[in-house]
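In what follows, a single structure is set out as structure tokens and then discussed.
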Amino acid sequence: DWVMGSYVDEAVARIRAQVGDEEVILGLSGGVDSSVAAALIHRAIGDQLSCVFVDHGLLRLNEGDMVMEMFAGKLHARVIRVDASELFLGRLAGVSDPEQKRKIIGGLFVDVFKGEAAKLKAGGEGHRGASFLAQGTIYPDVVESGGARSKKAVTIKSHHNVGGLPEQLGLKLLEPLRELFKDEVRELGIALGLPSEMVYRHPFPGPGLGVRILGEVKPEYADLLRRADAIFIEELRNFRDDASGKSWYDLTSQAFGVFLPVKSVGVMGDGRTYEHVVALRAVQTSDFMTADWAELPYALLKKVSSRIINEVRGINRVTYDVSSKPPATIEWE
Ligand code: XMP
């Protein structure tokens, strides 16, 4: 709309004034905030921006390709895709403790990103070298890091926010979304021409499928989970609620599959199967601090369950998580 349109112009002018003819690095995750920040900065300074997209091998089905298609393909932004799946999966082998897994993923992520950022800082091939690090920090993040939550005595789950990175890299910080709330960031994304499926996407945790595969993360578990999860999301997008006309994807705040590394017995044709279980999780929440499990229609659950069991060989049972937060958390790890 008009208001957002003029906001885009102002924001673009501000970025140009701050950056001048220098170069900027941004870590692209595929999430809403970094995507909108990338689109905005790219609008302002084009090829002076280089995005780094680290694929840790724990992303959702086709996610890496979709990010590349959007930013490198459609927007023509410079995006460096780092395929670090083997590194991450190798380092996770044999590790089953959730906090340990988070620390490994978070630590490696920072190392890989720093390595790429250092190369970009050094420049070369017609590039003078970057002097800014851009981050998709939004207003609630600013409040959170100076506010009550960081003083909490108990860490329930360590989140891997990349604090202190600009100083460590010797880069100046560029945070064009610092003053915006989430809904404003979304509007801005739409005004910049990002597709609404991207802008209204459910949040996805930094450690990705690493915290949705219970216990040890194995590549074959990740494959099964990716396929089951994609079916769940596809059907949530397909099914509409009659009363509101909205899809169940839009009626839920977060929804995903969880891989349970236990086997249960089933029958398939004439044979007995002994395969893994996928749990479905869908919640409704306004702040993610508390959440209710979503009362999805049985017809939707039925369709998802039969599709997963028929299409994903290796999964023979699907369950639905009916736990609210608290006392359960949204993620299972
Ligand atoms: P929980 O499971 O604590 O999740 O109820 C609340 C919200 O936070 C997300 N989450 C994470 N996000 N890194 C992230 O970036 C993490 O380690 C992490 N753990 C949980 C979760 O997906 C939900 O939206």
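Ligands are numbered from 1 in the order shown, chains are lettered A, B, ... in the order of the structure tokens, and residues start at 1 in each chain.
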Practice item. Can you list, as an MDAnalysis selection string, all residues belonging to stretch 12-258 of chain A that DSSP tags as strand (DSSP E or B)? Key: chainID A and resid 23:27 49:55 78:83 124 127 130:134 172:174 213 240 247 254:258
Exercise for review: May I have the residues within 10 Å of stretch 80-92 of chain A as a VMD selection string, using only C-alpha atoms and disregarding those fewer than 6 positions away in the same chain?
Suggested key: chain A and resid 27 to 28 50 to 59 64 to 65 67 to 68 72 100 to 102 104 to 105 108 to 109 112 to 113 116 210 216 to 219 222
Restricted to N, CA and C atoms, what would the selected residues look like written as a compact mmCIF listing (two decimals), in the first residue's frame?
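Final output, saved to part.txt:
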# COMPACT_ATOMS: atom_id res chain seq x y z
N GLY A 27 23.63 -12.99 6.37
CA GLY A 27 23.37 -14.42 6.51
C GLY A 27 21.90 -14.69 6.22
N LEU A 28 21.67 -15.42 5.14
CA LEU A 28 20.30 -15.70 4.73
C LEU A 28 19.92 -17.07 5.29
N SER A 50 26.22 -9.18 -0.53
CA SER A 50 26.43 -10.61 -0.75
C SER A 50 25.74 -11.38 0.35
N CYS A 51 24.87 -12.32 -0.03
CA CYS A 51 24.19 -13.14 0.97
C CYS A 51 24.93 -14.46 1.11
N VAL A 52 24.99 -14.94 2.34
CA VAL A 52 25.57 -16.25 2.59
C VAL A 52 24.48 -17.15 3.14
N PHE A 53 24.24 -18.24 2.45
CA PHE A 53 23.20 -19.17 2.86
C PHE A 53 23.87 -20.49 3.23
N VAL A 54 23.89 -20.77 4.53
CA VAL A 54 24.53 -22.00 5.01
C VAL A 54 23.48 -23.12 5.09
N ASP A 55 23.66 -24.15 4.30
CA ASP A 55 22.75 -25.28 4.35
C ASP A 55 23.36 -26.32 5.29
N HIS A 56 22.76 -26.49 6.47
CA HIS A 56 23.33 -27.41 7.45
C HIS A 56 22.80 -28.84 7.29
N GLY A 57 22.03 -29.06 6.24
CA GLY A 57 21.54 -30.42 5.98
C GLY A 57 20.34 -30.79 6.84
N LEU A 58 19.82 -29.79 7.59
CA LEU A 58 18.70 -30.06 8.49
C LEU A 58 17.53 -29.15 8.13
N LEU A 59 17.48 -28.79 6.86
CA LEU A 59 16.39 -27.93 6.37
C LEU A 59 15.23 -28.79 5.90
N GLY A 64 16.48 -25.41 0.51
CA GLY A 64 17.68 -24.77 -0.02
C GLY A 64 17.48 -24.29 -1.45
N ASP A 65 16.89 -25.15 -2.26
CA ASP A 65 16.65 -24.79 -3.66
C ASP A 65 15.68 -23.62 -3.76
N VAL A 67 15.18 -21.21 -1.57
CA VAL A 67 15.86 -19.96 -1.18
C VAL A 67 16.71 -19.45 -2.34
N MET A 68 17.44 -20.38 -2.98
CA MET A 68 18.30 -19.97 -4.09
C MET A 68 17.47 -19.45 -5.26
N ALA A 72 18.66 -15.77 -5.69
CA ALA A 72 19.60 -15.72 -6.81
C ALA A 72 18.81 -15.67 -8.11
N GLN A 100 23.31 -30.73 23.75
CA GLN A 100 24.57 -31.01 23.07
C GLN A 100 24.40 -30.80 21.56
N LYS A 101 23.30 -31.33 21.03
CA LYS A 101 23.02 -31.18 19.60
C LYS A 101 22.90 -29.70 19.23
N ARG A 102 22.13 -28.96 20.03
CA ARG A 102 21.97 -27.51 19.77
C ARG A 102 23.32 -26.80 19.77
N ILE A 104 26.32 -28.04 19.21
CA ILE A 104 27.12 -28.43 18.04
C ILE A 104 26.63 -27.68 16.80
N ILE A 105 25.32 -27.69 16.59
CA ILE A 105 24.77 -27.05 15.38
C ILE A 105 25.03 -25.54 15.42
N LEU A 108 28.91 -24.80 15.00
CA LEU A 108 29.37 -25.04 13.63
C LEU A 108 28.83 -23.98 12.69
N PHE A 109 27.58 -23.61 12.91
CA PHE A 109 26.94 -22.62 12.06
C PHE A 109 27.74 -21.32 12.08
N VAL A 112 31.14 -21.81 10.23
CA VAL A 112 31.02 -21.85 8.77
C VAL A 112 30.72 -20.44 8.24
N PHE A 113 29.80 -19.77 8.92
CA PHE A 113 29.43 -18.43 8.46
C PHE A 113 30.62 -17.48 8.56
N GLU A 116 33.05 -17.90 5.69
CA GLU A 116 32.60 -17.26 4.45
C GLU A 116 32.70 -15.75 4.55
N GLY A 210 17.28 -30.88 13.29
CA GLY A 210 18.14 -31.40 14.36
C GLY A 210 17.41 -31.54 15.69
N GLU A 216 19.64 -39.29 18.40
CA GLU A 216 20.68 -39.17 17.38
C GLU A 216 20.11 -38.80 16.01
N VAL A 217 20.76 -37.85 15.37
CA VAL A 217 20.35 -37.42 14.03
C VAL A 217 21.06 -38.27 12.99
N LYS A 218 20.30 -38.97 12.17
CA LYS A 218 20.92 -39.75 11.10
C LYS A 218 20.36 -39.25 9.78
N PRO A 219 21.20 -39.26 8.74
CA PRO A 219 20.75 -38.75 7.45
C PRO A 219 19.46 -39.42 6.96
N ALA A 222 16.50 -37.96 8.69
CA ALA A 222 16.21 -36.62 8.17
C ALA A 222 15.43 -36.71 6.86
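Minimum atom-to-atom distances from A:Gly269, A:Asp33, A:Ala191, A:Val185 to ligand 1 were compared using only C-alpha atoms and all ligand atoms, and the lowest value belongs to A:Asp33.
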Review point. Neighbours of A:Ala13 within 12 Å (only C-alpha atoms; same-chain residues fewer than 6 positions away dropped), as a PyMOL selection string?
Key: chain A and resi 6-7+19-20+40-41+43-45+176
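Distances from A:Glu167, A:Glu331, A:Glu23, A:Glu187 to ligand 1 were compared using only C-alpha atoms and all ligand atoms, and the smallest one belongs to A:Glu331.
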Stretch 185-220 of chain A residues near stretch 276-281 of chain A within 12 Å, closest pair each, using only C-alpha atoms, as CSV:
residue,atom,partner,partner_atom,distance
A:Arg212,CA,A:Ala279,CA,9.7
A:Ile213,CA,A:Val278,CA,9.5
A:Leu214,CA,A:Val278,CA,10.5
A:Glu220,CA,A:His276,CA,11.4
Check your understanding: How many Å lie between atom CA of A:Leu61 and atom CA of A:Ser247, rounded to one decimal?
Key -> 20.4 Å
Study note, to complete from the structure: Min atom-atom distance to A:Gly30 from the set A:Ala118, A:Leu301, A:Val79, A:Ala282, counting only C-alpha atoms, belongs to A:Val79
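Shortest atom-to-atom contact with ligand 1 among A:Tyr221, A:Gly31, A:Arg60, A:Asp111: A:Gly31, counting only C-alpha atoms and all ligand atoms.
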**Study point:** stretch 30-164 of chain A: residues DSSP assigns to alpha helix (DSSP H), reported as a PyMOL selection string
**Key:** chain A and resi 32-45+63-68+85-92+98-122+139-146
Would you save the residues from that selection as a short mmCIF file (atom, residue, chain, number, x, y, z; two decimals), in the first residue's frame, using C-alpha atoms?
data_model
loop_
_atom_site.label_atom_id
_atom_site.label_comp_id
_atom_site.auth_asym_id
_atom_site.auth_seq_id
_atom_site.Cartn_x
_atom_site.Cartn_y
_atom_site.Cartn_z
CA VAL A 32 11.05 -14.15 7.20
CA ASP A 33 13.36 -11.63 8.87
CA SER A 34 16.57 -12.38 7.01
CA SER A 35 14.64 -12.69 3.74
CA VAL A 36 12.98 -9.31 4.10
CA ALA A 37 16.25 -7.71 5.20
CA ALA A 38 17.98 -9.21 2.15
CA ALA A 39 15.28 -8.03 -0.26
CA LEU A 40 15.33 -4.52 1.21
CA ILE A 41 19.11 -4.16 1.22
CA HIS A 42 19.30 -5.61 -2.27
CA ARG A 43 16.74 -3.05 -3.43
CA ALA A 44 18.96 -0.34 -1.95
CA ILE A 45 22.44 -1.41 -3.00
CA GLU A 63 14.15 -25.47 1.17
CA GLY A 64 17.68 -24.77 -0.02
CA ASP A 65 16.65 -24.79 -3.66
CA MET A 66 13.68 -22.54 -2.92
CA VAL A 67 15.86 -19.96 -1.18
CA MET A 68 18.30 -19.97 -4.09
CA SER A 85 25.45 -30.97 5.36
CA GLU A 86 28.24 -33.51 5.58
CA LEU A 87 30.10 -31.44 8.11
CA PHE A 88 27.04 -31.02 10.33
CA LEU A 89 25.74 -34.56 10.02
CA GLY A 90 29.21 -35.94 10.58
CA ARG A 91 29.68 -33.93 13.75
CA LEU A 92 26.22 -34.94 15.01
CA PRO A 98 19.28 -32.21 22.89
CA GLU A 99 21.40 -29.41 24.39
CA GLN A 100 24.57 -31.01 23.07
CA LYS A 101 23.02 -31.18 19.60
CA ARG A 102 21.97 -27.51 19.77
CA LYS A 103 25.47 -26.46 20.84
CA ILE A 104 27.12 -28.43 18.04
CA ILE A 105 24.77 -27.05 15.38
CA GLY A 106 24.94 -23.48 16.69
CA GLY A 107 28.72 -23.53 17.06
CA LEU A 108 29.37 -25.04 13.63
CA PHE A 109 26.94 -22.62 12.06
CA VAL A 110 28.85 -19.66 13.41
CA ASP A 111 32.19 -21.19 12.32
CA VAL A 112 31.02 -21.85 8.77
CA PHE A 113 29.43 -18.43 8.46
CA LYS A 114 32.51 -16.71 9.86
CA GLY A 115 34.70 -18.53 7.35
CA GLU A 116 32.60 -17.26 4.45
CA ALA A 117 32.33 -13.79 5.91
CA ALA A 118 36.11 -13.59 6.28
CA LYS A 119 36.52 -14.44 2.59
CA LEU A 120 34.00 -11.76 1.62
CA LYS A 121 35.70 -9.27 3.87
CA ALA A 122 38.96 -9.95 2.10
CA TYR A 139 12.22 -4.69 17.32
CA PRO A 140 11.14 -7.55 19.63
CA ASP A 141 14.71 -8.99 19.36
CA VAL A 142 16.14 -5.64 20.43
CA VAL A 143 13.82 -5.52 23.43
CA GLU A 144 14.47 -9.15 24.29
CA SER A 145 18.24 -8.91 24.33
CA GLY A 146 18.20 -5.93 26.68
#
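Candidate residues A:Val258, A:Lys246, A:Leu49, A:Trp332 were compared for distance to A:Ile15, and the nearest is A:Leu49, using only C-alpha atoms.
By only C-alpha atoms, and with residues fewer than 4 positions from A:Glu235 along its chain excluded, the set lying at most 12 Å from it is A:Ala228, A:Asp229, A:Ala230, A:Ile231, A:Phe239, A:Arg240, A:Ser247, A:Trp248, A:Tyr249, A:Asp250, A:Ala255, A:Phe256, A:Leu296, A:Pro297, A:Ala299, A:Leu300, A:Leu301, A:Lys302, A:Lys303, A:Val304, A:Ser305, A:Ser306, A:Arg307, A:Ile308.
Each of A:Gln284, A:Asn310, A:Thr137, A:Gln254 was compared to ligand 1 using only C-alpha atoms and all ligand atoms, and A:Gln254 turns out to be the nearest.
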